[in-house]
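**Q** For reference, the file query_7.cif (mmCIF, C-alpha atoms) is included below:
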```
data_final
loop_
_atom_site.label_atom_id
_atom_site.label_comp_id
_atom_site.auth_asym_id
_atom_site.auth_seq_id
_atom_site.Cartn_x
_atom_site.Cartn_y
_atom_site.Cartn_z
CA MET P 1 -91.05 -86.05 39.01
CA LEU P 2 -89.01 -86.59 42.10
CA ARG P 3 -87.41 -83.16 41.71
CA PHE P 4 -90.85 -81.59 41.37
CA ALA P 5 -92.02 -83.14 44.62
CA TYR P 6 -88.84 -81.97 46.33
CA ASN P 7 -89.41 -78.41 45.07
CA MET P 8 -93.00 -78.48 46.21
CA ARG P 9 -91.93 -79.49 49.70
CA ASN P 10 -89.35 -76.74 49.86
CA ALA P 11 -91.85 -74.15 48.65
CA ALA P 12 -94.26 -75.18 51.37
CA LYS P 13 -91.49 -74.83 53.95
CA VAL P 14 -90.69 -71.33 52.70
CA ALA P 15 -94.36 -70.37 52.77
CA ARG P 16 -94.59 -71.56 56.35
CA THR P 17 -91.55 -69.62 57.53
CA VAL P 18 -92.30 -66.31 55.78
CA ARG P 19 -95.25 -64.67 57.43
CA PRO P 20 -97.24 -62.15 55.43
CA VAL P 21 -96.47 -58.59 56.49
CA PRO P 22 -99.53 -56.60 57.48
CA ALA P 23 -100.14 -53.78 55.05
CA ALA P 24 -100.16 -51.07 57.65
CA ARG P 25 -96.60 -51.85 58.72
CA MET P 26 -95.23 -51.74 55.19
CA GLN P 27 -92.76 -48.95 54.72
CA PRO P 28 -92.03 -47.28 51.44
CA VAL P 29 -88.78 -48.38 49.89
CA ARG P 30 -86.25 -45.64 50.39
CA PHE P 31 -83.60 -45.01 47.88
CA MET P 32 -80.21 -44.18 49.35
CA ASN P 33 -81.26 -43.00 52.78
CA GLY P 34 -79.67 -39.83 53.97
CA VAL P 35 -78.34 -38.80 50.58
CA LYS P 36 -79.95 -35.67 49.23
CA PHE P 37 -79.59 -34.47 45.69
CA TYR P 38 -80.74 -30.93 46.34
CA SER P 39 -79.81 -28.11 48.64
CA SER P 40 -82.15 -28.55 51.58
CA THR P 41 -81.51 -25.23 53.27
CA SER P 42 -79.37 -22.23 52.54
CA SER P 43 -76.01 -23.83 51.97
CA LEU P 44 -74.17 -20.59 52.65
CA THR P 45 -73.20 -19.78 56.18
CA LYS P 46 -71.72 -16.57 57.41
CA GLU P 47 -68.34 -18.24 57.97
CA ASP P 48 -68.36 -19.65 54.42
CA VAL P 49 -69.11 -16.29 52.90
CA LEU P 50 -66.48 -14.57 55.01
CA ALA P 51 -63.83 -17.15 54.14
CA ARG P 52 -64.61 -16.92 50.44
CA SER P 53 -64.64 -13.12 50.58
CA ILE P 54 -61.22 -13.17 52.22
CA SER P 55 -59.90 -15.50 49.55
CA VAL P 56 -61.18 -13.05 46.94
CA LEU P 57 -59.57 -10.18 48.84
CA ASN P 58 -56.31 -12.12 48.86
CA SER P 59 -56.04 -11.64 45.10
CA PHE P 60 -55.74 -7.90 45.66
CA GLU P 61 -52.85 -5.96 47.10
CA LEU P 62 -53.62 -5.48 50.76
CA LYS P 63 -51.88 -3.41 53.37
CA VAL P 64 -52.65 -5.83 56.17
CA PRO P 65 -52.23 -9.62 56.36
CA SER P 66 -55.38 -11.45 55.31
CA SER P 67 -55.54 -13.24 58.67
CA SER P 68 -56.51 -9.98 60.32
CA ILE P 69 -59.53 -9.43 58.06
CA GLY P 70 -62.82 -9.82 59.88
CA MET P 71 -66.39 -8.66 59.66
CA GLU P 72 -65.54 -5.18 60.95
CA THR P 73 -62.66 -4.56 58.55
CA GLU P 74 -63.37 -1.50 56.45
CA PHE P 75 -62.17 -1.38 52.87
CA ILE P 76 -61.04 2.21 52.75
CA LYS P 77 -59.96 2.77 56.35
CA ASP P 78 -58.37 -0.56 57.27
CA LEU P 79 -57.32 -2.07 53.96
CA GLY P 80 -56.04 1.20 52.53
CA MET P 81 -58.08 0.97 49.33
CA ASP P 82 -59.34 3.87 47.28
CA SER P 83 -62.85 4.01 45.86
CA LEU P 84 -61.89 2.31 42.58
CA ASP P 85 -59.99 -0.46 44.38
CA TYR P 86 -62.93 -1.34 46.49
CA ASN P 87 -65.28 -1.32 43.53
CA ASP P 88 -62.91 -3.80 41.93
CA VAL P 89 -63.41 -5.95 45.02
CA LEU P 90 -67.20 -5.61 44.79
CA VAL P 91 -67.24 -6.72 41.16
CA ALA P 92 -64.98 -9.68 42.03
CA LEU P 93 -67.32 -10.62 44.87
CA GLU P 94 -70.29 -10.40 42.49
CA GLU P 95 -68.63 -13.00 40.29
CA GLU P 96 -67.76 -15.18 43.26
CA PHE P 97 -71.26 -15.31 44.74
CA ASP P 98 -73.48 -14.70 41.69
CA VAL P 99 -75.13 -11.69 43.25
CA VAL P 100 -75.47 -8.14 42.01
CA PHE P 101 -74.60 -5.22 44.23
CA ASP P 102 -77.22 -2.66 43.29
CA ASP P 103 -76.00 0.90 42.99
CA ASN P 104 -77.64 2.20 46.13
CA VAL P 105 -76.37 -0.81 48.12
CA ALA P 106 -72.86 -0.77 46.73
CA ASN P 107 -72.45 2.93 47.50
CA GLU P 108 -73.30 2.38 51.16
CA ILE P 109 -71.10 -0.67 51.73
CA LYS P 110 -68.04 0.17 53.77
CA SER P 111 -66.94 -3.00 55.54
CA VAL P 112 -66.41 -6.65 54.72
CA GLY P 113 -69.23 -7.53 57.13
CA GLU P 114 -71.76 -5.43 55.20
CA CYS P 115 -70.74 -7.26 52.01
CA VAL P 116 -71.18 -10.62 53.70
CA ASP P 117 -74.60 -9.64 55.05
CA TYR P 118 -75.75 -8.46 51.65
CA VAL P 119 -74.54 -11.65 49.98
CA LEU P 120 -76.38 -13.76 52.56
CA LYS P 121 -79.52 -11.68 52.16
CA SER P 122 -79.63 -11.79 48.37
CA TYR P 123 -78.49 -15.39 48.00
CA THR P 124 -81.40 -17.68 47.19
CA PRO P 125 -80.78 -21.42 47.03
CA ALA P 126 -82.34 -22.91 43.93
CA GLN P 127 -85.46 -24.46 45.45
CA GLU P 128 -86.05 -22.46 48.60
CA SER P 129 -87.10 -19.37 46.69
CA LEU P 130 -90.39 -20.99 45.73
CA ASP P 131 -93.59 -20.65 47.64
CA PRO P 132 -94.53 -24.16 48.86
CA GLU P 133 -98.19 -23.33 48.27
CA ILE P 134 -97.78 -23.10 44.49
CA ARG P 135 -96.14 -26.49 44.16
CA MET G 1 -77.67 14.73 30.38
CA SER G 2 -76.67 14.75 34.02
CA LYS G 3 -76.42 17.56 36.52
CA THR G 4 -73.18 19.45 36.75
CA PRO G 5 -71.17 17.41 39.24
CA VAL G 6 -69.17 18.81 42.12
CA PRO G 7 -65.61 17.49 41.86
CA PHE G 8 -64.37 15.34 44.77
CA SER G 9 -67.78 15.40 46.50
CA PRO G 10 -69.20 12.16 47.97
CA GLU G 11 -72.01 12.23 45.39
CA ASN G 12 -69.50 12.45 42.58
CA ILE G 13 -67.50 9.58 44.04
CA LYS G 14 -70.68 7.48 44.05
CA THR G 15 -71.50 8.42 40.47
CA VAL G 16 -68.05 7.55 39.25
CA ALA G 17 -68.01 4.31 41.27
CA SER G 18 -71.31 3.34 39.65
CA LEU G 19 -69.91 4.09 36.19
CA TYR G 20 -66.80 2.08 36.98
CA ARG G 21 -68.80 -0.95 38.12
CA ARG G 22 -70.99 -0.75 35.04
CA SER G 23 -67.91 -0.56 32.82
CA LEU G 24 -66.43 -3.64 34.44
CA ARG G 25 -69.70 -5.56 34.10
CA THR G 26 -70.02 -4.56 30.46
CA ALA G 27 -66.48 -5.76 29.84
CA ALA G 28 -67.26 -9.06 31.59
CA ASP G 29 -70.40 -9.42 29.46
CA TRP G 30 -68.48 -9.15 26.22
CA ILE G 31 -65.28 -10.99 27.06
CA ASN G 32 -65.41 -14.65 27.93
CA ARG G 33 -61.71 -15.18 28.48
CA ARG G 34 -60.32 -14.38 31.86
CA ASP G 35 -56.94 -13.02 30.75
CA PHE G 36 -58.50 -10.81 28.08
CA TYR G 37 -60.97 -9.54 30.63
CA ARG G 38 -58.17 -8.69 33.07
CA ALA G 39 -56.39 -6.72 30.37
CA LYS G 40 -59.59 -4.84 29.56
CA ALA G 41 -60.26 -4.20 33.25
CA ALA G 42 -56.76 -2.77 33.62
CA GLU G 43 -57.40 -0.51 30.64
CA ILE G 44 -60.71 0.68 32.11
CA ARG G 45 -58.97 1.31 35.41
CA LEU G 46 -56.27 3.32 33.65
CA ARG G 47 -58.87 5.45 31.87
CA PHE G 48 -60.58 6.24 35.16
CA GLU G 49 -57.25 6.95 36.86
CA GLN G 50 -56.30 9.40 34.13
CA ASN G 51 -59.25 11.58 35.08
CA ARG G 52 -58.82 11.21 38.82
CA ASN G 53 -57.67 14.76 39.46
CA VAL G 54 -60.09 16.65 37.24
CA SER G 55 -61.25 19.63 39.27
CA ASP G 56 -63.11 21.61 36.61
CA PRO G 57 -66.85 20.84 36.88
CA LYS G 58 -67.50 21.42 33.17
CA GLU G 59 -64.68 19.14 32.13
CA LEU G 60 -65.83 16.56 34.66
CA LYS G 61 -69.38 16.71 33.31
CA ALA G 62 -68.10 16.21 29.79
CA ILE G 63 -66.10 13.18 30.89
CA ILE G 64 -69.03 11.63 32.76
CA ASP G 65 -71.37 12.21 29.83
CA LYS G 66 -68.85 10.66 27.46
CA THR G 67 -68.58 7.63 29.74
CA GLU G 68 -72.37 7.26 29.79
CA LEU G 69 -72.44 7.47 26.00
CA MET G 70 -69.77 4.80 25.70
CA LEU G 71 -71.59 2.56 28.20
CA ASN G 72 -74.79 2.88 26.17
CA LYS G 73 -72.93 2.25 22.95
CA PHE G 74 -71.23 -0.90 24.22
CA LYS G 75 -74.18 -2.19 26.20
CA HIS G 76 -74.49 -5.93 25.79
CA PRO G 77 -77.79 -7.14 24.23
CA ASP G 78 -77.75 -10.29 26.37
CA PRO G 79 -75.85 -9.46 29.56
CA ILE G 80 -74.83 -11.99 32.17
CA ILE G 81 -77.48 -12.09 34.91
CA PRO G 82 -77.30 -14.54 37.84
CA PRO G 83 -80.09 -17.14 37.28
CA GLN G 84 -82.12 -16.29 40.38
CA ARG G 85 -82.02 -12.53 39.84
CA PRO G 86 -84.77 -10.61 38.02
CA GLY G 87 -84.12 -11.19 34.34
CA GLY G 88 -82.20 -14.39 35.01
CA ILE G 89 -83.31 -17.66 33.50
CA MET G 90 -84.54 -19.15 36.78
CA TYR G 91 -86.25 -16.02 38.06
CA ASP G 92 -89.89 -16.67 39.04
CA ARG G 93 -89.87 -20.15 37.54
CA ASN G 94 -91.90 -22.87 39.12
CA ALA G 95 -89.49 -25.73 39.57
CA PRO G 96 -90.85 -29.30 39.76
CA PRO G 97 -91.86 -30.33 43.27
CA ARG G 98 -89.38 -32.11 45.44
CA TYR G 99 -89.94 -34.46 48.32
CA SER G 100 -87.71 -35.67 51.10
CA SER G 101 -89.73 -38.72 52.11
CA GLY G 102 -91.64 -41.33 50.16
CA PRO G 103 -95.41 -41.48 49.79
CA VAL G 104 -97.54 -42.18 52.86
CA PRO G 105 -98.11 -45.95 53.22
CA PHE G 106 -101.42 -46.85 51.64
CA SER G 107 -103.77 -48.93 53.73
CA ASN G 108 -107.45 -49.91 53.61
CA GLU G 109 -107.51 -50.87 57.24
CA LEU G 110 -109.19 -48.56 59.67
#
```
Go through the file and emit its structure as structure tokens.
**A**
Amino acid sequence: MLRFAYNMRNAAKVARTVRPVPAARMQPVRFMNGVKFYSSTSSLTKEDVLARSISVLNSFELKVPSSSIGMETEFIKDLGMDSLDYNDVLVALEEEFDVVFDDNVANEIKSVGECVDYVLKSYTPAQESLDPEIR
Amino acid sequence: MSKTPVPFSPENIKTVASLYRRSLRTAADWINRRDFYRAKAAEIRLRFEQNRNVSDPKELKAIIDKTELMLNKFKHPDPIIPPQRPGGIMYDRNAPPRYSSGPVPFSNEL
């Protein structure tokens, strides 16, 4: 009985100290702020693609050191590849980036930069490809 | 099947490059082990290299037609297509909606 009275007094104290929060100021509970479980924007940047392309190129026999490869480097002229060599590179890049170099595109590509641009153009992050209106 | 090609012309180089890429993709479709695929790719490369210096248009046409025939014969029924590409499993799919913030706070007050 005594304990009950004591509890009642405490409960009253708590009720006095905690003021009710007005509904308008209530914020939704956020789960793990700042952590996203999806790709918000295109996660590929030009530098990423170039670096990964160079690492793919490193697995081939090159005439020049890989540090000198840039966007303007041409496969046939600068890297000393023949047409089959550079098609090897294209197929390896397809595997790396999950893109497909269509025939008319692949036949026109001459430099590393054109490859990088095509990869960036045809890369679609999983969710961004959707029209927000249909959702 | 195809027109008579002109040996060593830019058009012929493009045709052969296209055939070579298709061969490599077909090999990758069938072979799921990296080392086996590399061996096959080397073999494909060797076969193309053997016919590098063919200068007779008729012979060249025969070789290209034979390659086309082989590509059609060994075409994979279920080739590897990147998911987002046409024909891929995620192409044109409507994914469930996503949200970056919670629902708007509900309130009856005006």
**Q** Can you pull out every residue within 10 Å of Ala41 (chain G), counting all atoms listed in the file, but drop anything in the same chain fewer than 6 positions away, and send it as a ChimeraX atom specification?
**A** /P:88 /G:20,23-25,27-28,35,47
**Q** Any chance you can output those residues with C-alpha atoms as a PDB file, in the frame of the given file?
**A**
```
ATOM      1  CA  ASP P  88     -62.910  -3.800  41.930  1.00  0.00           C
TER       2      ASP P  88
ATOM      3  CA  TYR G  20     -66.800   2.080  36.980  1.00  0.00           C
ATOM      4  CA  SER G  23     -67.910  -0.560  32.820  1.00  0.00           C
ATOM      5  CA  LEU G  24     -66.430  -3.640  34.440  1.00  0.00           C
ATOM      6  CA  ARG G  25     -69.700  -5.560  34.100  1.00  0.00           C
ATOM      7  CA  ALA G  27     -66.480  -5.760  29.840  1.00  0.00           C
ATOM      8  CA  ALA G  28     -67.260  -9.060  31.590  1.00  0.00           C
ATOM      9  CA  ASP G  35     -56.940 -13.020  30.750  1.00  0.00           C
ATOM     10  CA  ARG G  47     -58.870   5.450  31.870  1.00  0.00           C
TER      11      ARG G  47
END
```
**Q** Which neighbours of region 64-71 of chain P fall inside 12 Å, counting all atoms listed in the file, when residues of the same chain fewer than 3 positions from it are skipped, and could you give them as an NGL selection string?
**A** :P and (46-47 or 49-61 or 74-75 or 77-81 or 110-117)
**Q** Please determine the contact residues of chain G with respect to chain P at a cut-off of 9 Å, counting only C-alpha atoms, and supply them as a PyMOL selection string.
**A** chain G and resi 13-18+20-21+24-25+45+48-49+81-85+90+92-98+100-109
**Q** How many Å separate CA of Pro57 (chain G) from CA of Asn12 (chain G)?
**A**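 Calculated distance between CA of Pro57 (chain G) and CA of Asn12 (chain G) is 10.5 Å.
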**Q** Could you list, as a list in words, every residue within 12 Å of Pro79 (chain G), counting all atoms listed in the file and ignoring same-chain residues fewer than 6 positions away?
**A**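 My list of contacting residues is Arg22, Arg25, Thr26, Ala27, Ala28, Asp29, Trp30, Ile31, Asn32, Gly87, Gly88 and Ile89 of chain G.
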**Q** Going by the chain IDs and residue numbers used in this file, which residues fall under the PyMOL selection byres ((chain G and resi 8) around 10)? Write them as a compact mmCIF listing (two decimals) with C-alpha atoms, in the frame of the given file.
**A**
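Result went into part02.txt, see below:
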```
# COMPACT_ATOMS: atom_id res chain seq x y z
CA PRO G 5 -71.17 17.41 39.24
CA VAL G 6 -69.17 18.81 42.12
CA PRO G 7 -65.61 17.49 41.86
CA SER G 9 -67.78 15.40 46.50
CA PRO G 10 -69.20 12.16 47.97
CA GLU G 11 -72.01 12.23 45.39
CA ASN G 12 -69.50 12.45 42.58
CA ILE G 13 -67.50 9.58 44.04
CA ARG G 52 -58.82 11.21 38.82
CA ASN G 53 -57.67 14.76 39.46
CA VAL G 54 -60.09 16.65 37.24
CA SER G 55 -61.25 19.63 39.27
CA PRO G 57 -66.85 20.84 36.88
```
**Q** Work out how far apart CA of Glu96 (chain P) and CA of Phe36 (chain G) are and give it in Å to one decimal.
**A** 18.3 Å
**Q** Enter the distance from CA of Leu71 (chain G) to CA of Arg38 (chain G), in Å, rounded to one decimal.
**A**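 About the pair CA of Leu71 (chain G) and CA of Arg38 (chain G): they are 18.2 Å apart.
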**Q** Which is closer to Asp56 (chain G) than all the others in G:Thr4, G:Tyr99, G:Lys40, G:Asn72, using all atoms listed in the file?
**A** G:Thr4
